[in-house]
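**Q** Mind having a look at this structure? Questions to follow.
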Amino acid sequence: SQESMMTDIFERVKSPFYHFGMLMRVNKIPYEDFKSYIADRMKDVSEQPTQIADEILAFTNCHPYYTQQLSFAVWNNLVAGKNEDILQLAIEDIITTHDLDYERLWLNFNKTDKYVMVSICEGNNPAQDRNQPTSTMTSALLRLSKKGYIIRSDRYEIEDPFFRKWILKNMIE
């Protein structure tokens, strides 16, 4: 992810940019501001722009990059005259586009990382999993966080909501 890349550039001791400047963590765009922005742009192509904006933000958890990506796909579907299940259609289009990328990522994970990713997708907290050694789960969570695949706010989450949906679709069902 971009955040893990920036952290690596400016906080890794061997990096030429180590402590080069002050690293600032930017919060998510406030929900209501984001909703208003999306709905305003969807009003020309949809009869329910506020509902669509809510659904987009619920899926992306207000992550700016993924929100933009999904909003664009939804907008394209609306312009093309598709009106049924446009959000799910857009999500499926994006997942299909990135299917090989996600499969390649998945194949490069070790068994523990796969276990952790599936566990998070199912809504569990791998740090509290008593089926695996605590040190194993802790090191996997740290590794996946450092690589930018998972983030932790009040709980662990897969950063990319489309990758999460791909895992649920291909590895759990």
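Here's how to read the names in the structure tokens: chain A, B, ... by the order shown, residue numbers from 1 in each chain, ligand numbers from 1 in the order shown.
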As a PyMOL selection string, list the residues of region 67-167 of chain A assigned to alpha helix (DSSP H) by DSSP on the backbone atoms of this structure.

**A** chain A and resi 67-79+86-97+99-108+111-121+134-146+161-167

**Q** So which residues touch His63 (chain A) within 9 Å, counting only C-alpha atoms, skipping near sequence neighbours fewer than 6 positions away, as JSON, numbers by chain?

**A** {"A": [28, 29, 57, 159, 160]}

**Q** Applying 12 Å and only C-alpha atoms, which residues near Asp54 (chain A) remain after dropping the ones on its own chain fewer than 4 positions away? List them as a ChimeraX atom specification.

**A** /A:31-39,42,48-50,58-62,67,71,87

**Q** Could you tell me how far CA of Tyr65 (chain A) sits from CA of Ser119 (chain A), in Å to one decimal place?

**A**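 So the two atoms, CA of Ser119 (chain A) and CA of Tyr65 (chain A), lie 24.3 Å apart.
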
**Q** Extract, using only C-alpha atoms, all DNA, RNA and protein residues at most 10 Å from Met24 (chain A), discarding same-chain residues fewer than 3 positions from it, and format them as a list in words.

**A**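 Counting only the stated atoms, we get Thr7, Gly21 and Asn27 of chain A.
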
**Q** Please, which residues of chain A, numbered as in this document, come out strand (DSSP E) from DSSP, as a VMD selection string?

**A** chain A and resid 150 to 152 156 to 158

**Q** Given only C-alpha atoms as the basis, pick out the residue of A:Asn108, A:Tyr66, A:Ser46, A:Ile56 nearest to Gly81 (chain A).

**A**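 Closest to Gly81 (chain A) of all the choices is A:Ser46.
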
**Q** Nearest to Ile94 (chain A): which of A:Leu70, A:Asn170, A:Asn77, A:Arg164 is it, counting only C-alpha atoms?

**A** A:Leu70

**Q** Which neighbours of Met5 (chain A) fall inside 12 Å, counting only C-alpha atoms, when residues of the same chain fewer than 3 positions from it are skipped, and could you give them as a short mmCIF file (atom, residue, chain, number, x, y, z; two decimals) with N, CA and C atoms, in the first residue's frame?

**A**
```
data_model
loop_
_atom_site.label_atom_id
_atom_site.label_comp_id
_atom_site.auth_asym_id
_atom_site.auth_seq_id
_atom_site.Cartn_x
_atom_site.Cartn_y
_atom_site.Cartn_z
N SER A 1 0.84 -1.18 0.00
CA SER A 1 0.00 0.00 0.00
C SER A 1 0.88 1.25 0.00
N GLN A 2 0.30 2.36 -0.34
CA GLN A 2 1.05 3.60 -0.36
C GLN A 2 1.55 3.97 1.03
N ASP A 8 8.07 2.88 4.92
CA ASP A 8 9.35 2.22 4.64
C ASP A 8 10.40 3.22 4.18
N ILE A 9 10.03 4.14 3.34
CA ILE A 9 10.98 5.13 2.81
C ILE A 9 11.49 6.06 3.91
N PHE A 10 10.60 6.51 4.78
CA PHE A 10 10.99 7.54 5.75
C PHE A 10 11.30 7.04 7.16
N GLU A 11 10.99 5.76 7.44
CA GLU A 11 11.23 5.27 8.80
C GLU A 11 12.21 4.10 8.86
N ARG A 12 12.63 3.58 7.72
CA ARG A 12 13.61 2.49 7.72
C ARG A 12 15.00 3.10 7.86
N SER A 15 17.28 3.53 4.84
CA SER A 15 16.76 4.30 3.72
C SER A 15 17.49 5.64 3.62
N SER A 145 0.95 -6.45 8.00
CA SER A 145 0.77 -5.01 8.19
C SER A 145 1.88 -4.23 7.52
N LYS A 146 3.09 -4.70 7.71
CA LYS A 146 4.26 -4.02 7.14
C LYS A 146 4.20 -4.03 5.61
N LYS A 147 3.70 -5.11 5.04
CA LYS A 147 3.58 -5.21 3.59
C LYS A 147 2.36 -4.47 3.05
N GLY A 148 1.49 -4.01 3.95
CA GLY A 148 0.35 -3.21 3.54
C GLY A 148 -0.90 -3.99 3.17
N TYR A 149 -0.95 -5.27 3.49
CA TYR A 149 -2.13 -6.06 3.16
C TYR A 149 -3.23 -5.90 4.19
#
```

**Q** Which distance in Å separates CA of Ile95 (chain A) and CA of Tyr156 (chain A), to one decimal?

**A**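 Straight-line distance from CA of Ile95 (chain A) to CA of Tyr156 (chain A) works out to 21.5 Å.
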
**Q** Contacts of Glu92 (chain A) at 10 Å or less, counting only C-alpha atoms, minus same-chain residues fewer than 5 places along, as a CSV table (one decimal) with all heavy atoms, in the first residue's frame?

**A**
```
chain,number,residue,atom,x,y,z
A,73,ALA,N,-16.4,2.8,-11.5
A,73,ALA,CA,-17.0,1.7,-12.1
A,73,ALA,C,-18.5,1.7,-12.0
A,73,ALA,O,-19.2,1.4,-13.0
A,73,ALA,CB,-16.5,0.4,-11.4
A,86,ILE,N,-26.1,-2.4,-9.6
A,86,ILE,CA,-25.0,-1.8,-10.2
A,86,ILE,C,-23.8,-1.8,-9.3
A,86,ILE,O,-22.6,-1.9,-9.8
A,86,ILE,CB,-25.3,-0.3,-10.6
A,86,ILE,CG1,-25.8,0.5,-9.4
A,86,ILE,CG2,-26.1,-0.2,-11.8
A,86,ILE,CD1,-25.7,1.9,-9.5
A,87,LEU,N,-24.0,-1.8,-8.0
A,87,LEU,CA,-22.8,-1.8,-7.1
A,87,LEU,C,-22.1,-3.2,-7.2
A,87,LEU,O,-20.9,-3.3,-7.3
A,87,LEU,CB,-23.2,-1.5,-5.7
A,87,LEU,CG,-22.0,-1.4,-4.7
A,87,LEU,CD1,-21.3,-0.1,-4.9
A,87,LEU,CD2,-22.5,-1.6,-3.3
A,97,THR,N,-11.2,-8.0,-13.1
A,97,THR,CA,-10.0,-7.3,-13.7
A,97,THR,C,-8.8,-7.6,-13.0
A,97,THR,O,-7.7,-7.8,-13.6
A,97,THR,CB,-10.3,-5.7,-13.7
A,97,THR,OG1,-11.4,-5.4,-14.5
A,97,THR,CG2,-9.1,-5.0,-14.3
A,98,HIS,N,-8.8,-7.7,-11.7
A,98,HIS,CA,-7.6,-8.0,-10.9
A,98,HIS,C,-7.5,-9.4,-10.4
A,98,HIS,O,-6.6,-9.7,-9.6
A,98,HIS,CB,-7.7,-7.1,-9.6
A,98,HIS,CG,-7.6,-5.6,-9.9
A,98,HIS,ND1,-6.4,-5.0,-10.4
A,98,HIS,CD2,-8.5,-4.6,-9.9
A,98,HIS,CE1,-6.7,-3.7,-10.6
A,98,HIS,NE2,-7.9,-3.5,-10.3
A,99,ASP,N,-8.3,-10.3,-11.0
A,99,ASP,CA,-8.2,-11.7,-10.6
A,99,ASP,C,-6.8,-12.3,-10.6
A,99,ASP,O,-6.4,-12.9,-9.6
A,99,ASP,CB,-9.2,-12.5,-11.4
A,99,ASP,CG,-9.3,-14.0,-11.0
A,99,ASP,OD1,-9.7,-14.2,-9.8
A,99,ASP,OD2,-8.9,-14.9,-11.7
A,162,PHE,N,-11.6,-5.1,-2.3
A,162,PHE,CA,-11.8,-6.0,-3.5
A,162,PHE,C,-11.0,-7.3,-3.3
A,162,PHE,O,-11.5,-8.4,-3.6
A,162,PHE,CB,-11.4,-5.3,-4.8
A,162,PHE,CG,-12.2,-4.0,-5.0
A,162,PHE,CD1,-11.5,-2.8,-4.8
A,162,PHE,CD2,-13.5,-4.1,-5.4
A,162,PHE,CE1,-12.3,-1.6,-5.0
A,162,PHE,CE2,-14.2,-2.9,-5.6
A,162,PHE,CZ,-13.6,-1.7,-5.4
A,165,LYS,N,-13.0,-9.3,-0.8
A,165,LYS,CA,-14.2,-10.0,-1.5
A,165,LYS,C,-13.7,-11.1,-2.4
A,165,LYS,O,-14.3,-12.2,-2.4
A,165,LYS,CB,-14.9,-8.9,-2.4
A,165,LYS,CG,-16.1,-9.4,-3.0
A,165,LYS,CD,-17.3,-9.3,-2.0
A,165,LYS,CE,-18.6,-9.5,-2.8
A,165,LYS,NZ,-19.7,-9.4,-1.9
A,166,TRP,N,-12.5,-11.0,-3.0
A,166,TRP,CA,-11.9,-12.1,-3.8
A,166,TRP,C,-11.6,-13.3,-2.9
A,166,TRP,O,-11.9,-14.4,-3.3
A,166,TRP,CB,-10.7,-11.6,-4.5
A,166,TRP,CG,-10.0,-12.6,-5.4
A,166,TRP,CD1,-10.3,-12.8,-6.7
A,166,TRP,CD2,-9.0,-13.5,-5.0
A,166,TRP,NE1,-9.5,-13.8,-7.2
A,166,TRP,CE2,-8.7,-14.3,-6.2
A,166,TRP,CE3,-8.3,-13.8,-3.9
A,166,TRP,CZ2,-7.8,-15.3,-6.2
A,166,TRP,CZ3,-7.4,-14.8,-3.9
A,166,TRP,CH2,-7.1,-15.6,-5.0
```

**Q** Identify which of the residues A:Lys82, A:Ala127, A:Ser153, A:Arg143 lies closest to Phe109 (chain A), counting only C-alpha atoms when measuring atom-to-atom distances.

**A** A:Arg143

**Q** Nearest to Gln88 (chain A) among A:Thr138, A:Ile52, A:Gln132, A:Met22, with distances taken over only C-alpha atoms: which residue is it?

**A**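 Checking each candidate against Gln88 (chain A), we get A:Ile52 as the closest.
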
**Q** Have a look at CA of Met171 (chain A) and CA of Leu89 (chain A) and let me know their distance in Å, one decimal.

**A**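 These atoms are spaced 20.2 Å apart.
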
**Q** Can you tell me which residues surround Glu47 (chain A) at a distance of at most 12 Å, considering only C-alpha atoms, apart from same-chain residues fewer than 6 positions away, and format the answer as a PDB file with N, CA and C atoms, in the first residue's frame?

**A**
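Result saved to out.pdb:
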```
ATOM      1  N   ALA A  39     -22.353  11.710  -4.156  1.00  0.00           N
ATOM      2  CA  ALA A  39     -23.755  11.878  -4.545  1.00  0.00           C
ATOM      3  C   ALA A  39     -23.908  13.030  -5.534  1.00  0.00           C
ATOM      4  N   ASP A  40     -23.165  14.102  -5.326  1.00  0.00           N
ATOM      5  CA  ASP A  40     -23.233  15.252  -6.224  1.00  0.00           C
ATOM      6  C   ASP A  40     -22.799  14.866  -7.641  1.00  0.00           C
ATOM      7  N   ARG A  41     -21.820  14.004  -7.759  1.00  0.00           N
ATOM      8  CA  ARG A  41     -21.337  13.593  -9.079  1.00  0.00           C
ATOM      9  C   ARG A  41     -22.204  12.514  -9.714  1.00  0.00           C
ATOM     10  N   ALA A  53     -24.029   6.429  -3.018  1.00  0.00           N
ATOM     11  CA  ALA A  53     -22.863   6.915  -2.273  1.00  0.00           C
ATOM     12  C   ALA A  53     -22.714   6.174  -0.950  1.00  0.00           C
ATOM     13  N   LEU A  78     -23.746   2.966 -14.849  1.00  0.00           N
ATOM     14  CA  LEU A  78     -24.951   3.793 -14.967  1.00  0.00           C
ATOM     15  C   LEU A  78     -25.018   4.482 -16.326  1.00  0.00           C
ATOM     16  N   ASN A  83     -28.891  -0.693 -14.661  1.00  0.00           N
ATOM     17  CA  ASN A  83     -29.533  -0.164 -13.463  1.00  0.00           C
ATOM     18  C   ASN A  83     -29.741  -1.205 -12.365  1.00  0.00           C
TER      19      ASN A  83
END
```

**Q** Name the closest residue to Ile150 (chain A) among the candidates A:Leu168, A:Asn131, A:Pro126, A:Thr96; distances are taken between atoms, counting only C-alpha atoms.

**A**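 Looking at the shortest contact to Ile150 (chain A), the residue is A:Pro126.
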